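Undergrad: Quick one, target_11.pdb (PDB, C-alpha atoms and all ligand atoms):
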MODEL        1
ATOM      1  CA  MET R 115      71.283  59.986  44.986
ATOM      2  CA  ASN R 116      69.499  57.404  42.851
ATOM      3  CA  PRO R 117      66.596  58.385  40.641
ATOM      4  CA  PRO R 118      63.172  57.358  41.941
ATOM      5  CA  GLN R 119      61.764  53.982  40.985
ATOM      6  CA  ILE R 120      59.453  54.637  38.065
ATOM      7  CA  THR R 121      56.940  52.125  36.744
ATOM      8  CA  LEU R 122      55.189  53.298  33.614
ATOM      9  CA  PHE R 123      53.319  52.578  30.451
ATOM     10  CA  SER R 124      53.082  55.165  27.714
ATOM     11  CA  THR R 125      51.607  54.873  24.255
ATOM     12  CA  PRO R 126      50.325  58.209  22.883
ATOM     13  CA  LEU R 127      46.612  58.171  21.990
ATOM     14  CA  VAL R 128      46.148  54.874  23.875
ATOM     15  CA  SER R 129      47.311  55.134  27.480
ATOM     16  CA  THR R 130      49.922  56.916  29.574
ATOM     17  CA  TRP R 131      50.580  56.580  33.276
ATOM     18  CA  VAL R 132      53.748  57.021  35.335
ATOM     19  CA  PHE R 133      53.972  55.645  38.864
ATOM     20  CA  ASP R 134      56.724  57.092  41.047
ATOM     21  CA  GLU R 135      56.938  54.266  43.573
ATOM     22  CA  THR R 136      59.540  56.078  45.625
ATOM     23  CA  HIS R 137      57.234  59.013  46.304
ATOM     24  CA  ARG R 138      54.027  56.969  45.939
ATOM     25  CA  ILE R 139      52.534  59.323  43.382
ATOM     26  CA  LEU R 140      50.826  58.391  40.125
ATOM     27  CA  PHE R 141      51.177  60.894  37.299
ATOM     28  CA  ASP R 142      48.282  60.469  34.897
ATOM     29  CA  ALA R 143      45.994  57.476  34.864
ATOM     30  CA  GLY R 144      45.565  56.093  31.357
ATOM     31  CA  ASP R 145      43.525  53.023  30.589
ATOM     32  CA  GLY R 146      44.831  49.813  32.159
ATOM     33  CA  VAL R 147      46.709  51.392  35.041
ATOM     34  CA  THR R 148      44.757  49.427  37.659
ATOM     35  CA  ALA R 149      45.025  46.124  35.793
ATOM     36  CA  LEU R 150      48.771  46.481  35.307
ATOM     37  CA  LEU R 151      49.667  47.779  38.773
ATOM     38  CA  ASP R 152      47.241  45.417  40.513
ATOM     39  CA  SER R 153      47.717  45.433  44.302
ATOM     40  CA  ARG R 154      50.391  48.128  44.039
ATOM     41  CA  ILE R 155      47.637  50.726  43.674
ATOM     42  CA  HIS R 156      47.369  50.510  47.459
ATOM     43  CA  LYS R 157      50.883  51.934  47.783
ATOM     44  CA  MET R 158      49.706  55.104  46.061
ATOM     45  CA  ARG R 159      48.658  58.100  48.066
ATOM     46  CA  LEU R 160      48.031  60.590  45.305
ATOM     47  CA  ALA R 161      47.231  60.804  41.600
ATOM     48  CA  ALA R 162      48.195  63.967  39.728
ATOM     49  CA  ILE R 163      46.576  64.446  36.321
ATOM     50  CA  THR R 164      48.464  66.568  33.800
ATOM     51  CA  HIS R 165      45.492  67.111  31.449
ATOM     52  CA  THR R 166      42.263  65.418  30.495
ATOM     53  CA  HIS R 167      43.043  63.895  27.116
ATOM     54  CA  ARG R 168      41.485  60.475  27.518
ATOM     55  CA  ASP R 169      44.738  58.550  27.100
ATOM     56  CA  HIS R 170      45.918  60.301  30.301
ATOM     57  CA  CYS R 171      42.848  59.905  32.505
ATOM     58  CA  ALA R 172      40.573  57.125  31.200
ATOM     59  CA  GLY R 173      41.783  54.747  33.918
ATOM     60  CA  LEU R 174      41.020  57.124  36.769
ATOM     61  CA  MET R 175      37.498  55.894  37.453
ATOM     62  CA  GLN R 176      38.524  52.294  38.024
ATOM     63  CA  LEU R 177      41.603  53.302  40.014
ATOM     64  CA  LEU R 178      39.588  55.522  42.344
ATOM     65  CA  ASN R 179      36.837  52.947  42.563
ATOM     66  CA  LEU R 180      39.292  50.471  44.078
ATOM     67  CA  ARG R 181      41.630  52.887  45.855
ATOM     68  CA  GLY R 182      39.420  55.805  46.864
ATOM     69  CA  GLY R 183      37.221  53.974  49.372
ATOM     70  CA  ALA R 184      39.942  54.001  52.036
ATOM     71  CA  GLY R 185      39.372  57.756  52.352
ATOM     72  CA  ASP R 186      43.047  58.683  52.302
ATOM     73  CA  PHE R 187      43.482  59.391  48.624
ATOM     74  CA  THR R 188      44.012  62.711  46.851
ATOM     75  CA  ALA R 189      43.520  63.475  43.161
ATOM     76  CA  VAL R 190      45.199  66.613  41.834
ATOM     77  CA  TYR R 191      44.238  68.293  38.562
ATOM     78  CA  PRO R 192      44.918  71.598  36.742
ATOM     79  CA  GLU R 193      42.577  74.203  38.188
ATOM     80  CA  GLY R 194      41.806  75.669  34.754
ATOM     81  CA  SER R 195      40.507  72.364  33.397
ATOM     82  CA  GLY R 196      36.717  72.401  33.138
ATOM     83  CA  SER R 197      36.721  68.764  32.024
ATOM     84  CA  ALA R 198      38.680  67.731  35.130
ATOM     85  CA  ARG R 199      36.196  69.609  37.323
ATOM     86  CA  ALA R 200      33.260  67.934  35.603
ATOM     87  CA  PHE R 201      34.888  64.514  35.967
ATOM     88  CA  ALA R 202      35.643  65.107  39.665
ATOM     89  CA  ASN R 203      32.063  66.208  40.212
ATOM     90  CA  PHE R 204      30.701  63.158  38.431
ATOM     91  CA  LEU R 205      32.914  60.714  40.364
ATOM     92  CA  THR R 206      32.097  62.405  43.668
ATOM     93  CA  HIS R 207      28.405  61.717  43.117
ATOM     94  CA  PHE R 208      28.679  58.446  41.256
ATOM     95  CA  ASP R 209      29.548  56.314  44.281
ATOM     96  CA  SER R 210      29.713  57.783  47.774
ATOM     97  CA  ARG R 211      31.568  54.738  49.167
ATOM     98  CA  SER R 212      34.523  54.752  46.797
ATOM     99  CA  THR R 213      35.179  57.566  44.321
ATOM    100  CA  GLY R 214      33.106  59.894  46.529
ATOM    101  CA  LYS R 215      35.690  59.648  49.309
ATOM    102  CA  VAL R 216      38.526  61.008  47.192
ATOM    103  CA  ARG R 217      39.877  64.464  48.075
ATOM    104  CA  TRP R 218      39.958  66.498  44.877
ATOM    105  CA  HIS R 219      42.608  69.167  44.755
ATOM    106  CA  PRO R 220      42.711  71.729  41.931
ATOM    107  CA  LEU R 221      46.234  73.116  41.540
ATOM    108  CA  GLY R 222      47.390  76.296  39.814
ATOM    109  CA  ALA R 223      50.759  76.979  38.219
ATOM    110  CA  GLY R 224      53.339  77.592  40.952
ATOM    111  CA  GLU R 225      51.031  76.286  43.675
ATOM    112  CA  THR R 226      52.169  73.525  45.984
ATOM    113  CA  LEU R 227      50.630  70.727  47.971
ATOM    114  CA  ALA R 228      52.416  69.267  50.993
ATOM    115  CA  ILE R 229      53.161  65.543  50.677
ATOM    116  CA  GLU R 230      54.941  62.994  52.850
ATOM    117  CA  PRO R 231      57.592  62.968  54.193
ATOM    118  CA  ASP R 232      58.116  66.210  56.034
ATOM    119  CA  ARG R 233      59.140  69.251  53.949
ATOM    120  CA  HIS R 234      58.270  67.619  50.625
ATOM    121  CA  PHE R 235      55.901  69.303  48.180
ATOM    122  CA  LEU R 236      54.163  68.640  44.898
ATOM    123  CA  ARG R 237      54.234  71.724  42.705
ATOM    124  CA  GLY R 238      52.436  72.427  39.443
ATOM    125  CA  PHE R 239      53.838  74.377  36.506
ATOM    126  CA  ALA R 240      52.043  75.555  33.378
ATOM    127  CA  THR R 241      52.617  73.545  30.220
ATOM    128  CA  ASN R 242      51.765  74.371  26.634
ATOM    129  CA  HIS R 243      49.389  71.743  25.261
ATOM    130  CA  TYR R 244      46.204  73.648  24.452
ATOM    131  CA  PRO R 245      45.496  76.717  22.360
ATOM    132  CA  PRO R 246      45.496  79.807  24.626
ATOM    133  CA  ALA R 247      42.086  80.239  26.272
ATOM    134  CA  GLY R 248      40.359  83.363  27.558
ATOM    135  CA  ASN R 249      41.345  82.804  31.162
ATOM    136  CA  SER R 250      44.943  82.581  32.283
ATOM    137  CA  ARG R 251      44.510  79.498  34.450
ATOM    138  CA  PRO R 252      46.305  76.547  32.859
ATOM    139  CA  ARG R 253      44.305  73.618  31.545
ATOM    140  CA  SER R 254      47.408  71.451  31.563
ATOM    141  CA  LEU R 255      50.136  71.144  34.200
ATOM    142  CA  GLY R 256      53.477  69.485  34.674
ATOM    143  CA  TYR R 257      54.540  68.539  38.202
ATOM    144  CA  GLN R 258      57.630  68.675  40.381
ATOM    145  CA  ILE R 259      58.472  66.946  43.632
ATOM    146  CA  VAL R 260      60.425  69.425  45.718
ATOM    147  CA  ARG R 261      62.203  68.982  49.015
ATOM    148  CA  GLN R 262      63.170  71.919  51.219
ATOM    149  CA  VAL R 263      66.625  71.697  52.716
ATOM    150  CA  ASP R 264      68.332  73.946  55.255
ATOM    151  CA  LYS R 265      71.888  74.937  54.400
ATOM    152  CA  VAL R 266      74.465  77.180  55.977
ATOM    153  CA  LYS R 267      74.566  80.407  53.941
ATOM    154  CA  GLN R 268      77.324  80.679  51.364
ATOM    155  CA  GLU R 269      79.177  83.440  53.195
ATOM    156  CA  PHE R 270      79.468  81.348  56.382
ATOM    157  CA  ARG R 271      80.371  77.956  54.880
ATOM    158  CA  GLN R 272      84.109  78.261  55.467
ATOM    159  CA  LEU R 273      83.756  79.107  59.161
ATOM    160  CA  PRO R 274      84.759  76.574  61.806
ATOM    161  CA  GLN R 275      81.873  75.046  63.765
ATOM    162  CA  GLN R 276      82.732  77.055  66.889
ATOM    163  CA  GLU R 277      82.318  80.385  65.112
ATOM    164  CA  LEU R 278      79.096  79.218  63.467
ATOM    165  CA  ASP R 279      77.712  78.277  66.878
ATOM    166  CA  ALA R 280      78.697  81.681  68.232
ATOM    167  CA  LEU R 281      76.925  83.453  65.360
ATOM    168  CA  ARG R 282      73.838  81.351  65.860
ATOM    169  CA  LEU R 283      73.740  82.119  69.572
ATOM    170  CA  GLU R 284      74.197  85.810  68.952
ATOM    171  CA  HIS R 285      71.823  86.358  65.962
ATOM    172  CA  GLY R 286      69.581  83.316  65.899
ATOM    173  CA  ARG R 287      69.416  80.358  63.526
ATOM    174  CA  ALA R 288      67.865  82.228  60.590
ATOM    175  CA  TYR R 289      70.920  84.469  60.421
ATOM    176  CA  ILE R 290      73.243  81.665  59.308
ATOM    177  CA  ILE R 291      70.813  79.230  57.644
ATOM    178  CA  GLU R 292      68.954  79.529  54.361
ATOM    179  CA  THR R 293      66.301  77.194  52.983
ATOM    180  CA  ILE R 294      66.940  75.941  49.488
ATOM    181  CA  GLU R 295      64.952  73.752  47.116
ATOM    182  CA  ASP R 296      66.041  70.326  46.036
ATOM    183  CA  ILE R 297      63.971  69.393  42.955
ATOM    184  CA  LEU R 298      63.840  65.638  43.096
ATOM    185  CA  PHE R 299      61.646  64.947  40.107
ATOM    186  CA  THR R 300      59.952  66.793  37.251
ATOM    187  CA  ILE R 301      57.397  65.415  34.807
ATOM    188  CA  THR R 302      56.050  67.426  31.896
ATOM    189  CA  GLY R 303      52.916  65.657  30.700
ATOM    190  CA  ASP R 304      52.110  66.535  27.076
ATOM    191  CA  THR R 305      53.573  69.851  26.021
ATOM    192  CA  MET R 306      55.375  71.928  23.456
ATOM    193  CA  PRO R 307      58.950  72.667  24.574
ATOM    194  CA  LEU R 308      59.123  75.065  27.527
ATOM    195  CA  ASP R 309      61.847  77.405  28.742
ATOM    196  CA  PRO R 310      64.678  75.235  30.174
ATOM    197  CA  ALA R 311      64.618  77.516  33.228
ATOM    198  CA  CYS R 312      61.462  75.607  34.274
ATOM    199  CA  PHE R 313      63.593  72.523  34.857
ATOM    200  CA  ARG R 314      66.865  73.956  36.093
ATOM    201  CA  GLY R 315      68.316  72.044  39.005
ATOM    202  CA  SER R 316      65.949  69.118  38.653
ATOM    203  CA  ARG R 317      67.672  65.866  39.537
ATOM    204  CA  VAL R 318      65.419  63.866  37.248
ATOM    205  CA  LEU R 319      63.367  65.087  34.279
ATOM    206  CA  MET R 320      60.687  62.964  32.646
ATOM    207  CA  HIS R 321      59.902  64.730  29.393
ATOM    208  CA  GLU R 322      57.403  63.839  26.712
ATOM    209  CA  CYS R 323      59.080  63.068  23.388
ATOM    210  CA  THR R 324      56.328  62.328  20.917
ATOM    211  CA  PHE R 325      58.331  62.894  17.739
ATOM    212  CA  LEU R 326      61.869  62.083  16.681
ATOM    213  CA  GLU R 327      62.187  64.645  13.908
ATOM    214  CA  GLU R 328      61.432  68.347  13.822
ATOM    215  CA  ALA R 329      59.686  68.060  10.434
ATOM    216  CA  GLU R 330      57.165  65.520  11.738
ATOM    217  CA  LYS R 331      56.419  67.742  14.687
ATOM    218  CA  GLU R 332      55.648  70.690  12.468
ATOM    219  CA  GLU R 333      53.409  68.589  10.288
ATOM    220  CA  MET R 334      51.470  67.401  13.367
ATOM    221  CA  GLU R 335      51.246  70.874  14.845
ATOM    222  CA  GLU R 336      49.236  71.910  11.834
ATOM    223  CA  ARG R 337      46.762  69.225  12.813
ATOM    224  CA  GLY R 338      46.611  70.527  16.362
ATOM    225  CA  HIS R 339      48.973  68.184  18.213
ATOM    226  CA  PRO R 340      51.289  70.413  20.236
ATOM    227  CA  HIS R 341      54.083  68.115  21.393
ATOM    228  CA  SER R 342      57.869  68.012  21.669
ATOM    229  CA  CYS R 343      60.464  66.332  19.491
ATOM    230  CA  LEU R 344      63.715  64.629  20.450
ATOM    231  CA  GLU R 345      66.148  67.348  19.452
ATOM    232  CA  GLU R 346      64.295  69.985  21.482
ATOM    233  CA  VAL R 347      64.008  67.791  24.549
ATOM    234  CA  LEU R 348      67.715  66.961  24.582
ATOM    235  CA  GLU R 349      68.554  70.656  24.219
ATOM    236  CA  ILE R 350      66.312  71.437  27.190
ATOM    237  CA  ALA R 351      67.936  68.735  29.330
ATOM    238  CA  ARG R 352      71.358  70.089  28.456
ATOM    239  CA  ALA R 353      70.492  73.729  29.077
ATOM    240  CA  ALA R 354      68.714  72.920  32.352
ATOM    241  CA  GLU R 355      71.592  70.663  33.472
ATOM    242  CA  VAL R 356      69.275  67.982  34.759
ATOM    243  CA  GLY R 357      70.844  64.968  36.439
ATOM    244  CA  TRP R 358      68.927  62.290  34.566
ATOM    245  CA  LEU R 359      66.558  62.360  31.605
ATOM    246  CA  GLY R 360      63.628  60.000  30.988
ATOM    247  CA  LEU R 361      61.851  60.151  27.635
ATOM    248  CA  TYR R 362      58.279  58.930  27.331
ATOM    249  CA  HIS R 363      55.127  59.437  25.245
ATOM    250  CA  VAL R 364      57.025  58.307  22.126
ATOM    251  CA  SER R 365      54.880  57.889  19.004
ATOM    252  CA  ARG R 366      53.977  54.380  17.985
ATOM    253  CA  ARG R 367      54.961  55.111  14.393
ATOM    254  CA  TYR R 368      58.644  54.254  14.985
ATOM    255  CA  GLU R 369      60.385  50.905  15.241
ATOM    256  CA  ASP R 370      61.941  50.384  18.692
ATOM    257  CA  GLU R 371      65.461  50.074  17.317
ATOM    258  CA  HIS R 372      65.071  53.257  15.333
ATOM    259  CA  VAL R 373      64.054  55.187  18.473
ATOM    260  CA  LEU R 374      67.002  53.906  20.473
ATOM    261  CA  SER R 375      69.604  54.530  17.794
ATOM    262  CA  ARG R 376      68.232  58.004  17.092
ATOM    263  CA  VAL R 377      68.407  58.889  20.788
ATOM    264  CA  ARG R 378      72.013  57.678  21.044
ATOM    265  CA  GLU R 379      72.974  59.502  17.879
ATOM    266  CA  ARG R 380      71.447  62.802  18.983
ATOM    267  CA  CYS R 381      72.861  62.559  22.506
ATOM    268  CA  ALA R 382      76.324  61.938  21.081
ATOM    269  CA  LYS R 383      75.964  64.854  18.692
ATOM    270  CA  ILE R 384      75.366  67.359  21.481
ATOM    271  CA  GLY R 385      77.512  65.538  24.031
ATOM    272  CA  LEU R 386      74.721  65.308  26.577
ATOM    273  CA  ALA R 387      76.207  65.023  30.060
ATOM    274  CA  CYS R 388      73.361  63.218  31.801
ATOM    275  CA  PRO R 389      72.248  59.594  31.369
ATOM    276  CA  VAL R 390      69.066  59.010  29.350
ATOM    277  CA  SER R 391      66.394  56.336  29.689
ATOM    278  CA  VAL R 392      63.626  55.774  27.153
ATOM    279  CA  ALA R 393      60.165  54.278  27.650
ATOM    280  CA  LEU R 394      59.272  52.693  24.322
ATOM    281  CA  PRO R 395      55.569  52.679  23.507
ATOM    282  CA  GLY R 396      53.479  49.595  24.233
ATOM    283  CA  ARG R 397      55.738  48.307  26.975
ATOM    284  CA  LEU R 398      55.458  48.141  30.716
ATOM    285  CA  TYR R 399      58.597  49.340  32.555
ATOM    286  CA  GLU R 400      59.093  48.325  36.166
ATOM    287  CA  ASP R 401      62.071  50.551  36.917
ATOM    288  CA  LEU R 402      62.697  52.882  33.997
ATOM    289  CA  PHE R 403      65.978  54.344  35.230
ATOM    290  CA  ALA R 404      67.527  50.910  35.623
ATOM    291  CA  HIS R 405      67.606  50.894  31.804
ATOM    292  CA  THR R 406      70.034  53.384  30.330
ATOM    293  CA  VAL R 407      70.084  54.072  26.612
ATOM    294  CA  TRP R 408      72.735  56.783  26.816
ATOM    295  CA  GLN R 409      75.265  56.779  29.638
ATOM    296  CA  GLY R 410      75.993  60.493  29.577
ATOM    297  CA  THR R 411      79.374  62.101  29.115
ATOM    298  CA  GLY R 412      79.382  63.363  32.699
ATOM    299  CA  ALA R 413      80.713  60.000  33.844
ATOM    300  CA  GLU R 414      78.045  60.046  36.531
ATOM    301  CA  THR R 415      76.221  56.934  37.658
ATOM    302  CA  SER R 416      75.294  54.873  34.663
ATOM    303  CA  LYS R 417      73.312  52.422  36.703
ATOM    304  CA  ARG R 418      71.199  52.613  39.791
ATOM    305  CA  GLY R 419      73.235  51.523  42.777
TER     306      GLY R 419
HETATM  307 ZN    ZN M 501      49.153  62.251  25.304
HETATM  308 ZN    ZN M 502      47.481  65.287  25.357
ENDMDL
END
Could you write out this structure as structure tokens?
TA:
Amino acid sequence: MNPPQITLFSTPLVSTWVFDETHRILFDAGDGVTALLDSRIHKMRLAAITHTHRDHCAGLMQLLNLRGGAGDFTAVYPEGSGSARAFANFLTHFDSRSTGKVRWHPLGAGETLAIEPDRHFLRGFATNHYPPAGNSRPRSLGYQIVRQVDKVKQEFRQLPQQELDALRLEHGRAYIIETIEDILFTITGDTMPLDPACFRGSRVLMHECTFLEEAEKEEMEERGHPHSCLEEVLEIARAAEVGWLGLYHVSRRYEDEHVLSRVRERCAKIGLACPVSVALPGRLYEDLFAHTVWQGTGAETSKRG
């Protein structure tokens, strides 16, 4: 299966937004998202905000002003975010004909929202981007697109069709079938590294990668910027055995060529099996996964078919 078609722009502190055109979902809405996507905003059905740092949501007002009026648009935000609630409240009252028609949907960690097509869900997971607060509800979320699939249970898979049919007739469908999750896409938003178990089985992982070196990350952490660095992200992708890795939210401090060569070098060092694509800051990408920086050692697809 090909990765989804991802259009994005991501410069930390300035603007980040990631449009999954395949699933018609916008993740974050940094400044300029409406101007750059233009009429394609009408293909969107949902915007999911990871957190309310302004570079991730400053473009929401204009987007919802132009897109919300149709009355079929949902905006999802972390339920523990007071700023997101205040912003939703403001936009609801600001203009009843446009932003006021948006359905606002607070989401908790582990909670899901049904999306199209049938049996597809958007699910939130807690990320680590703010100092721990008094309440346990997350102020920042990452998101997954999950599809439920029915499969014949492991113990029956070798049986000929005839015997399967007989079992189904005798015991009912639920006896031979189990429902499993196919995680089509995961996006982290801004976060410190999380347990790789959060991403296990994900076909595609979009992970923030603000820093290239561990030392820089530590220096920034002291100034209150909890982010991830390249080495950690690649380790996570390897441990979680994701099918494809997309890096974004890369600091502007690096030269493009330096980013790309560092990624290749680090991938080679750990022998990362999956292909890797990188969204360099300050650039608009129309189909991120059509650009591969590292092919992966798994000899899987190196290009979208
Ligand atoms: Zn950010
Ligand atoms: Zn942030």
Undergrad: Find the residues around Met306 of chain R up to 9 Å (all atoms listed in the file counted), leave out those fewer than 4 positions away in its own chain, and share them as a list in words.
TA: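 Listing them by chain and then by number gives Thr241, Asn242, His243, Glu322, Pro340, His341, Ser342 and Cys343 of chain R.
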Undergrad: Nearest residue to Leu180 of chain R out of R:Ala311, R:Cys388, R:Ala149, R:Ile120, using only C-alpha atoms?
TA: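 Nearest candidate to Leu180 of chain R out of R:Ala311, R:Cys388, R:Ala149, R:Ile120: R:Ala149.
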Undergrad: Ligand ZN 502 (chain M): which residues are within 9 Å, counting only C-alpha atoms and all ligand atoms, as number ranges by chain?
TA: R: 126-127, 164-170, 243-244, 254, 303-305, 339-341
Undergrad: Let me know the residues the PyMOL selection byres (((chain R and resi 195-199) around 12) and not hetatm) catches in the file above, as number ranges by chain.
TA: R: 162-168, 170-172, 174, 189-194, 200-206, 218-222, 240, 244, 247, 249-255
Undergrad: Rounded to one decimal place, report the atom CA of Val356 of chain R-atom CA of Arg317 of chain R distance in Å.
TA: 5.5 Å
Undergrad: Name all residues at most 8 Å from Pro117 of chain R (count only C-alpha atoms; drop same-chain ones fewer than 4 positions away) and give them as a ChimeraX atom specification.
TA: /R:317-318,358,403,418
Undergrad: Between R:His405, R:Arg217, R:Arg314, R:His321, which is the closest to Leu374 of chain R once you count only C-alpha atoms?
TA: R:His405
Undergrad: Within 12 Å of (73.3, 61.4, 33.4) in the file's own coordinates, which protein, DNA or RNA residues have an atom, counting only C-alpha atoms? List them as an MDAnalysis selection string.
TA: chainID R and resid 115:117 316:319 348 351:352 355:360 381 385:391 403 406:418
Undergrad: Edge lengths and centre, in Å to one decimal, as JSON: that's what I need for the box along x, y and z that holds all listed atoms of segment 184-196 of chain R plus 6 Å on each side.
TA:
{"center_x": 41.0, "center_y": 64.8, "center_z": 42.7, "size_x": 20.5, "size_y": 33.7, "size_z": 31.2}
Undergrad: Hey, can you check how far atom CA of Val364 of chain R sits from atom CA of Cys323 of chain R?
TA: 5.3 Å
Undergrad: In Å, rounded to a single decimal, give me how far atom CA of Glu332 of chain R is from atom CA of Phe141 of chain R.
TA: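 Between atom CA of Phe141 of chain R and atom CA of Glu332 of chain R the gap works out to 27.1 Å.
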Undergrad: Using all atoms listed in the file, can you tell me which of R:Gln276, R:Arg366, R:Lys265, R:Glu327 comes closest to ligand ZN 501 (chain M)?
TA: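 Looking only at the distances to ligand ZN 501 (chain M), the closest residue turns out to be R:Arg366.
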Undergrad: Give me the residues near Ala329 of chain R as a list in words, where near means some atom within 12 Å (using all atoms listed in the file) and where sequence neighbours in that chain fewer than 4 positions away do not count.
TA: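 The residues satisfying every condition are Phe325, Glu333, Met334, Glu335, Glu336, Ser342, Cys343, Leu344 and Glu345 of chain R.
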Undergrad: From the set R:Tyr362, R:Lys383, R:Leu151, R:Lys267, which residue has the shortest atom-to-atom contact distance to ligand ZN 501 (chain M), counting only C-alpha atoms and all ligand atoms?
TA: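 Distance minimum relative to ligand ZN 501 (chain M) lands on R:Tyr362.
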Undergrad: Nearest to Ile155 of chain R: which of R:Leu140, R:Met320, R:Ala280, R:Ala223 is it, counting only C-alpha atoms?
TA: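 Ranked by minimum distance to Ile155 of chain R, first place goes to R:Leu140.
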Undergrad: Could you expand the PyMOL selection byres (((chain R and resi 260) around 7) and not hetatm) into the explicit residues it covers here, written as a VMD selection string?
TA: chain R and resid 234 to 236 258 to 259 261 to 262 295 to 298
Undergrad: Which is closest to Val373 of chain R among R:Leu178, R:Leu278, R:Leu326, R:Val263, if we use only C-alpha atoms?
TA: R:Leu326
Undergrad: Spell out the residues picked by the PyMOL selection byres (((chain R and resi 215) around 6) and not hetatm) here, as a PyMOL selection string.
TA: chain R and resi 182-183+185+212-214+216
Undergrad: With C-alpha atoms retained, export the selected residues as a PDB file, in the frame of the given file.
TA:
ATOM      1  CA  GLY R 182      39.420  55.805  46.864  1.00  0.00           C
ATOM      2  CA  GLY R 183      37.221  53.974  49.372  1.00  0.00           C
ATOM      3  CA  GLY R 185      39.372  57.756  52.352  1.00  0.00           C
ATOM      4  CA  SER R 212      34.523  54.752  46.797  1.00  0.00           C
ATOM      5  CA  THR R 213      35.179  57.566  44.321  1.00  0.00           C
ATOM      6  CA  GLY R 214      33.106  59.894  46.529  1.00  0.00           C
ATOM      7  CA  VAL R 216      38.526  61.008  47.192  1.00  0.00           C
TER       8      VAL R 216
END
Undergrad: Please list as a PyMOL selection string every residue within 7 Å of Leu398 of chain R, counting only C-alpha atoms and excluding residues in the same chain fewer than 2 positions away.
TA: chain R and resi 122-123+396+400
